[in-house]
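To keep things clear, I will list the structure first and then write my remarks on it.
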There are 4 protein chains.
Amino acid sequence: MSEPNLFDGVLAAGGVREAVSDTAWIQAMLDFESALAAALADVGLIDRVHADRIAEHCRAEFYDAAELARASVQAGNPAAPLVRALSDRVGDGHVHHGATSQDVIDTAAMIITRNAVGVVLEDVRAAARVAADLAREHIDTVQPGRTLLQQALPVTFGVTAAGWLIGLVEAAERLEAIRPTLQFGGASGTLASLGEGGVEVIAALARRLDLAEPVLPWHTVRLRIAEPAAALGALCGVLGTIARDITLLAQTEIGEVTEEGPPGSGSSSTMPHKHNPVAAVAALGCAIPAPGLVATLLQAGIQEHQRAAGAWHAEWRPLRELLRTSGSAAHWLRTSLERLRVHPSRMRANLAGDVLVERVTTELTPIVGRQRAHDAVTQCCASGGELVEALAEDLLVGAHLSRERLRELVQGEYLGSAKEFVERALRRVGR
Amino acid sequence: MSEPNLFDGVLAAGGVREAVSDTAWIQAMLDFESALAAALADVGLIDRVHADRIAEHCRAEFYDAAELARASVQAGNPAAPLVRALSDRVGDGHVHHGATSQDVIDTAAMIITRNAVGVVLEDVRAAARVAADLAREHIDTVQPGRTLLQQALPVTFGVTAAGWLIGLVEAAERLEAIRPTLQFGGASGTLASLGEGGVEVIAALARRLDLAEPVLPWHTVRLRIAEPAAALGALCGVLGTIARDITLLAQTEIGEVTEEGPPGSGSSSTMPHKHNPVAAVAALGCAIPAPGLVATLLQAGIQEHQRAAGAWHAEWRPLRELLRTSGSAAHWLRTSLERLRVHPSRMRANLAGDVLVERVTTELTPIVGRQRAHDAVTQCCASGGELVEALAEDLLVGAHLSRERLRELVQGEYLGSAKEFVERALRRVGR
Amino acid sequence: MSEPNLFDGVLAAGGVREAVSDTAWIQAMLDFESALAAALADVGLIDRVHADRIAEHCRAEFYDAAELARASVQAGNPAAPLVRALSDRVGDGHVHHGATSQDVIDTAAMIITRNAVGVVLEDVRAAARVAADLAREHIDTVQPGRTLLQQALPVTFGVTAAGWLIGLVEAAERLEAIRPTLQFGGASGTLASLGEGGVEVIAALARRLDLAEPVLPWHTVRLRIAEPAAALGALCGVLGTIARDITLLAQTEIGEVTEEGPPGSGSSSTMPHKHNPVAAVAALGCAIPAPGLVATLLQAGIQEHQRAAGAWHAEWRPLRELLRTSGSAAHWLRTSLERLRVHPSRMRANLAGDVLVERVTTELTPIVGRQRAHDAVTQCCASGGELVEALAEDLLVGAHLSRERLRELVQGEYLGSAKEFVERALRRVGR
Amino acid sequence: MSEPNLFDGVLAAGGVREAVSDTAWIQAMLDFESALAAALADVGLIDRVHADRIAEHCRAEFYDAAELARASVQAGNPAAPLVRALSDRVGDGHVHHGATSQDVIDTAAMIITRNAVGVVLEDVRAAARVAADLAREHIDTVQPGRTLLQQALPVTFGVTAAGWLIGLVEAAERLEAIRPTLQFGGASGTLASLGEGGVEVIAALARRLDLAEPVLPWHTVRLRIAEPAAALGALCGVLGTIARDITLLAQTEIGEVTEEGPPGSGSSSTMPHKHNPVAAVAALGCAIPAPGLVATLLQAGIQEHQRAAGAWHAEWRPLRELLRTSGSAAHWLRTSLERLRVHPSRMRANLAGDVLVERVTTELTPIVGRQRAHDAVTQCCASGGELVEALAEDLLVGAHLSRERLRELVQGEYLGSAKEFVERALRRVGR
């Protein structure tokens, strides 16, 4: 169970909410303590019976988040009071042996990151599947292309969706490449209290927690935080792009897609006629805060000596917020895509009449040179008259191209590699 | 009451935690609804009896944050379900008349900001009072000055504290200058459903909520968010500077200040000898995330048309986080200053022997020119020998200054306007 | 003259480019040195003849930026080699007396900020004038209101422009409130080498440079940097909002505004038919980088001791970039507004048929309660049939409102306080 | 040759300055045009003679950056006027065939990124080599460990340097993993004007430019920008950490390292005795602005439709700034490490007397439990008396440990796995 938060319906959507909850954090810290005791037993530093006894007490429901928060004021972090509470329950001296508070919290952060990223990836992959379906289904659906928010050459909705697909898949690959890594160094990062045995314990502990084994502790070298942060920030760029596309395509005047959610979705508190693409809007709202949080985590990556005075503490909330907001953005984007209804007839109807005039330039270029061709055709476009007529009557254009040919060029099909791009994208994802 | 959060002991410290809680937000939204009904009655658009009835139901304890969060998924914001719940309780049609969800949430954000900033200011002012006391008390306490983390000319601890004082006071003044402003525009910002009466209702509503009256709605012009964000970001720079100073002065090898907190404060979970300046460390940890949140709020300030699709939603959590982290930083910095014990003898003992050698340059300058003087003296410093001897034996320096004069210069008092600066600072704050 | 930069045509547009050039920086540093000598003479610390001689050499064209940049490697800042070069030219020992490099660069930063902000304000005020003209001219031009990128209740283009106007004017006021402040503290911030005279020199120097007088040096309390940074970041939010509005209104399918620039503006390198709102696009491109730069400046505001090791150096480029990009955004937005052609007929034609249905809710509310009214009308909208018919046939709606009244409501004028808001805005700016 | 910039001595240090210069950008854009013509010839779309002719004119020195900047105002980007100028020189119609401006600039950005990252990596690898040497040389040099800026258990300078080494090496690996990717899609991303041949041209063009081949154009999916941005931001965290460590270790009162640069390095413009670690300070000054630039690039990653209105333009300067500031940070950090002189005697002398008292806890733990042991020892530390005496006289401690054993514990060697960590680090980098 996790704490209520008034904005969570919108901004902590999907599975990520539980994955970064207080309970999840407490359990992750306890998993460290439990695995540490087991690892100490593995290498013979303590008796197995102690490890087993500790493991029994490493269940989040035995501890109270609010109580730990209050007690964290003394030492300046919540691991210290949790260790004390666990020690009190266990009643012997083998809890937390060799470790320091930052070992607990950093390793818990790695566990939380791995689990939350797993949740995020589920939503990203589901979104990618829908995008792949859309790309295949609409491989021949002509749609206006738009650059700088002006109609450009036509595209297909298939190639639009294929672009989304590749973005989602590549962003997912970056997240999959993250290698959450054990933190374990003790007071000054030398594992001094373990004598000669430190390195062996590291290996056993990493194995037990299924985390990568560090070469040495990374208490002030924060690449393990920077890496998921960066991958989540990049993902949010892709999610935000798709969400923005959907909100723009859903504009009343464009109407090329709508979100068809459960009854009441996207309704307005005041305007009965409104039908907002609320999932795409929420996805965008969750994607926008990511870069600022990434910046904070990168900035806090400048630390000092064996453990930092403040920069480390500055990571806790932003990491959690970043996982939460990225996961929510992924959840909402998946939801938006799953709700998406495409309107091919609106796409064709929206196509402006002059967008293919570039073809006239292309045809003229070998004859009169690209620049002269471009300039002449641009002038015809700006003339305001009927386009084929204007071109036919232009001295340069009309001299080389007939009305008939001009009509073929300006009104024909002109989609280049759009279809092949869709096929490449589908092959790329094995569909 | 507010939700537990594992990191809140450190990162949501002081009064600001309650000031930005779910309960506080719900109450602020209800304050808007209650004041709106009263304002509608003020200008005769509804009967007073309706307003009174609505007011009775505008108490946060009647509503459940978790329930509102869940229900916010439909409309995409928590105001819509709150309005519905309030309407259900009241049972008539006068709730929320003329308003839109963003009116409720933006106005609540202003109320929350005003209240939370008030809490922050209390801590900043208390910190300033301690800084003023330190400045006065240590007006003559000589301390090594340090630039680029190297000893420079001596200062006094008084002038160090006076610099802190002026920073705190000026940052507070920027916060005091914020003018939280009513938001009220209805569906498209024209107050259409109020007919001719909209402007009158604005005036009455602003008066009742003690908020500034807007010229027209600011649904997509977000200066009212940018302004407190910027002032809090600037404050965190000052708080972070002072906290960094304290952590540096408290270094084991420097020892010029220590934090003397209640038993157990600053202890380590492993190292019995440790005595960390935990309040200053926490202050720094809370100050560092502020700029990233400010950036998010400024970036989300780029919105569109009558109300934004996503950028507005992107403000909610970062604003709350910024208030919380700034307030916590202020609370911890105040705590650190209140715990501060100053060690003048360590300050004097730390003074390196050569820091006054600039005076030799100054004395030589009128005779041989600044650059020649500077170069000769620099060379003597780098020679490694006893300084006064090295200077006396230098051809240029020795030709113009006696050993005795050199000794006076290098070992005397040299504090310039330090005392006057402290006095100016104390006068500036009326002490 | 300032250095070429390939992207400057777009990203360093308008007067701000020269205002932050190398030449401007060198001159500002020399203005500090010249005014310092004069101030020293004012208070009798040096002879006037020395000050006059120094002033003669304080002209930027005597110094080479590339040379200074190269030489700055030694001391780690460009003020040190400039002081040396100036001393060499003057040939006596009175240059830079009492000052440190940071005094020179910080004061120059204040001068540059003041001048660049002056340039920015010219463009913002010019943009505001155009916005005011548009607001007045289109006070009755009905336009679709749009929330979450969906049509909402109608507005007027006048009230849209009035919102822009107030945003520009209020952002300008924040910039006008900045008080650039002298920096002068010497090596450790005590003005030690000036003996008792430091405070008097501060007053004279501030007067001569027309800068505010500091209570004491602010070498590590960076509110004087944070303040203009924040105001520029907030301005960019407003500029970005207006630019986004223009790009959206100029969409091919919307066509409510176009930019009519000089021949060739907004043309495409490939597509002859394109007519991009290039000034608005450039304004947005220049506004977006501002928040990241503000975050850097706020973060660098955490400094230490008497002068910071790195955080200070981290300010130089971001401050310059922020002034440049904000100024360019202002220049482009002004340009876009000056080029703007408004198409009222498209605005009216774009109005969707059902946006006024909220009025039916309002009319029903006193009779059946807001929530029941809202739910019934929402269902009618979603039915897909002709709207007035659907409403008339609804059991609840049809029971209370006639077809005729429904038609009046759904097809009438419904602009609430739009006109009054425009008038308030124009009064606010004295037009 | 690149433009002067007053701050470049400090903030554009090392090879990266030329790698991101105007000349480099122009050449990279011309490389695209030249390779495009060659690729068109490769697949038979144009005659080889045209490609060869175009190649002759693709030399940066033929074009003027200032002129291009001026002309870029029309189309809103510098590629358009460059294409026009190149076409004018070549005089036929085959220049830029099939491409759009964004293809040119994005591909140039990839080339610039690849080259600049190459330069950055050289400095990072050189820094890593020095760190490795330091780690090996000082594998047994005892140094105070410091956590939260307080002395903790001792470490070795070897393990400190090994931590730097692994940070540098891992950050370099992330940079090496970047795959700069061709951009080529034409007006709307469909390569319409190349008919069926588009995909073949993509393959030939990617091969010629030695860039990765995209599945389809990535005009609005900006992972190719986000990826190097993130890797550079993470690198700057590591560089900043090492630089901060050096500035802290070089403090006058600590003196464990000094920078020994060429004469004049680190001198002060006023204080003859100063010897600033100027390279480390500059490294920190260059590292701090990186996260804000990363945030901007990630935020600008939210784009729309086929090509973005503004967000794309917003990338140009921040990408360049980020490459420049990261490269400068790497250059300065390498310089600092190369200048580093280590003072082992100061490290040993600085060791405080009580840092090993944790060992007493460890020894007591199996007997009395960890928490009781920790509490008793903490109390002894706080007592103020001579430590071994205080411990011996404590009821709990004294009952189990003799004075002799206590002395052994508190004054002995206690370095745990420090040596093994250094060896692991050296093995990891193959040294």
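By convention here, the chains of the structure tokens are called A, B, ... in the order presented, each chain's residues are numbered starting at 1, and ligands are numbered starting at 1 in the order presented.
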>> Distance limit 6 Å, atoms considered: only C-alpha atoms. Which chain A residues sit that close to chain C? Return them as a list of chain:residue names.
In response: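 The selection requested is A:Leu149, A:Gln150, A:Gln151, A:Gln251, A:Thr252, A:Met271, A:Pro272, A:His273, A:Glu358, A:Val377, A:Thr378, A:Cys381.
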>> I need the residues in range 56-273 of chain A that are strand (DSSP E or B) according to DSSP; give them as a PyMOL selection string.
In response: chain A and resi 142-143+146-147+150-151+155-156+181+212+221+257-259
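Nearest residue to Glu420 in chain A among D:Leu11, D:Leu216, D:Met29, D:Val142 is D:Leu216, counting only C-alpha atoms.
CA of Ala212 in chain D to CA of Gln183 in chain D spans 9.4 Å [interatomic distance, one decimal].
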If we count only C-alpha atoms and set the cut-off at 9 Å, which residues sit around Val95 in chain B, ignoring sequence neighbours fewer than 3 positions away in its own chain? Please answer as a PDB file with N, CA, C and O atoms, in the first residue's frame.
```
ATOM      1  N   GLU B  33     -14.177  27.452  -3.775  1.00  0.00           N
ATOM      2  CA  GLU B  33     -15.602  27.215  -4.057  1.00  0.00           C
ATOM      3  C   GLU B  33     -16.488  27.982  -3.087  1.00  0.00           C
ATOM      4  O   GLU B  33     -17.521  28.550  -3.480  1.00  0.00           O
ATOM      5  N   SER B  34     -16.088  27.987  -1.839  1.00  0.00           N
ATOM      6  CA  SER B  34     -16.872  28.677  -0.830  1.00  0.00           C
ATOM      7  C   SER B  34     -16.876  30.191  -1.083  1.00  0.00           C
ATOM      8  O   SER B  34     -17.926  30.844  -1.054  1.00  0.00           O
ATOM      9  N   LEU B  36     -16.283  31.640  -3.894  1.00  0.00           N
ATOM     10  CA  LEU B  36     -16.980  31.925  -5.149  1.00  0.00           C
ATOM     11  C   LEU B  36     -18.480  32.068  -4.904  1.00  0.00           C
ATOM     12  O   LEU B  36     -19.115  33.024  -5.374  1.00  0.00           O
ATOM     13  N   ALA B  37     -19.022  31.119  -4.152  1.00  0.00           N
ATOM     14  CA  ALA B  37     -20.454  31.199  -3.868  1.00  0.00           C
ATOM     15  C   ALA B  37     -20.773  32.482  -3.111  1.00  0.00           C
ATOM     16  O   ALA B  37     -21.749  33.188  -3.423  1.00  0.00           O
ATOM     17  N   HIS B  50     -27.804  30.073  -0.392  1.00  0.00           N
ATOM     18  CA  HIS B  50     -27.061  29.042  -1.128  1.00  0.00           C
ATOM     19  C   HIS B  50     -25.576  29.100  -0.773  1.00  0.00           C
ATOM     20  O   HIS B  50     -24.925  28.080  -0.565  1.00  0.00           O
ATOM     21  N   ALA B  51     -25.058  30.292  -0.728  1.00  0.00           N
ATOM     22  CA  ALA B  51     -23.639  30.456  -0.412  1.00  0.00           C
ATOM     23  C   ALA B  51     -23.336  29.905   0.976  1.00  0.00           C
ATOM     24  O   ALA B  51     -22.326  29.223   1.190  1.00  0.00           O
ATOM     25  N   ILE B  54     -23.321  26.142   0.900  1.00  0.00           N
ATOM     26  CA  ILE B  54     -22.093  25.633   0.278  1.00  0.00           C
ATOM     27  C   ILE B  54     -20.928  25.730   1.266  1.00  0.00           C
ATOM     28  O   ILE B  54     -20.156  24.783   1.432  1.00  0.00           O
ATOM     29  N   VAL B  83     -15.485  18.961  -7.152  1.00  0.00           N
ATOM     30  CA  VAL B  83     -16.684  19.755  -7.439  1.00  0.00           C
ATOM     31  C   VAL B  83     -17.906  18.855  -7.449  1.00  0.00           C
ATOM     32  O   VAL B  83     -18.964  19.192  -6.889  1.00  0.00           O
ATOM     33  N   ARG B  84     -17.761  17.677  -8.060  1.00  0.00           N
ATOM     34  CA  ARG B  84     -18.880  16.747  -8.101  1.00  0.00           C
ATOM     35  C   ARG B  84     -19.269  16.301  -6.679  1.00  0.00           C
ATOM     36  O   ARG B  84     -20.456  16.294  -6.320  1.00  0.00           O
ATOM     37  N   LEU B  86     -18.711  17.839  -3.860  1.00  0.00           N
ATOM     38  CA  LEU B  86     -19.280  18.976  -3.140  1.00  0.00           C
ATOM     39  C   LEU B  86     -20.721  19.212  -3.593  1.00  0.00           C
ATOM     40  O   LEU B  86     -21.629  19.401  -2.759  1.00  0.00           O
ATOM     41  N   SER B  87     -20.931  19.157  -4.903  1.00  0.00           N
ATOM     42  CA  SER B  87     -22.289  19.329  -5.439  1.00  0.00           C
ATOM     43  C   SER B  87     -23.227  18.273  -4.864  1.00  0.00           C
ATOM     44  O   SER B  87     -24.367  18.576  -4.480  1.00  0.00           O
ATOM     45  N   VAL B  90     -24.079  19.214  -1.289  1.00  0.00           N
ATOM     46  CA  VAL B  90     -24.903  20.421  -1.176  1.00  0.00           C
ATOM     47  C   VAL B  90     -26.284  20.172  -1.762  1.00  0.00           C
ATOM     48  O   VAL B  90     -27.298  20.644  -1.229  1.00  0.00           O
ATOM     49  N   ASP B  92     -27.635  21.255  -4.543  1.00  0.00           N
ATOM     50  CA  ASP B  92     -28.296  22.195  -5.450  1.00  0.00           C
ATOM     51  C   ASP B  92     -27.327  22.603  -6.554  1.00  0.00           C
ATOM     52  O   ASP B  92     -26.231  22.083  -6.662  1.00  0.00           O
TER      53      ASP B  92
ATOM     54  N   ARG C 370     -26.893  21.459 -11.082  1.00  0.00           N
ATOM     55  CA  ARG C 370     -25.821  21.543 -12.058  1.00  0.00           C
ATOM     56  C   ARG C 370     -25.396  20.176 -12.580  1.00  0.00           C
ATOM     57  O   ARG C 370     -25.167  19.974 -13.760  1.00  0.00           O
TER      58      ARG C 370
END
```
> Excluding same-chain residues fewer than 2 positions from Leu191 in chain B, what lies within 7 Å of it counting only C-alpha atoms, as number ranges by chain?
Replying inline: B: 98, 185-186, 189, 193-194, 198; C: 416-417
> Within 7 Å of range 238-241 of chain D, counting only C-alpha atoms, which residues qualify if same-chain residues fewer than 2 places away don't, as a list in words?
Replying inline: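 Result of the neighbour search: Val221, Ile302, Gln303 and Glu304 of chain A; Gly167, Leu168, Ala234, Leu235, Cys236, Ala243, Arg244, Asp245, Ala283, Leu284, Ala287, Ala329, Ala330 and Leu333 of chain D.
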> Can you tell me, as a PyMOL selection string, what residues are no more than 8 Å from Asp106 in chain A when counting only C-alpha atoms, ignoring any on the same chain fewer than 3 positions away?
Replying inline: chain A and resi 102-103+109-110+182-183
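Minimum distance to Ser345 in chain B across B:Val257, B:Ala69, B:Asp22, B:Phe184 (counting only C-alpha atoms) occurs at B:Val257.
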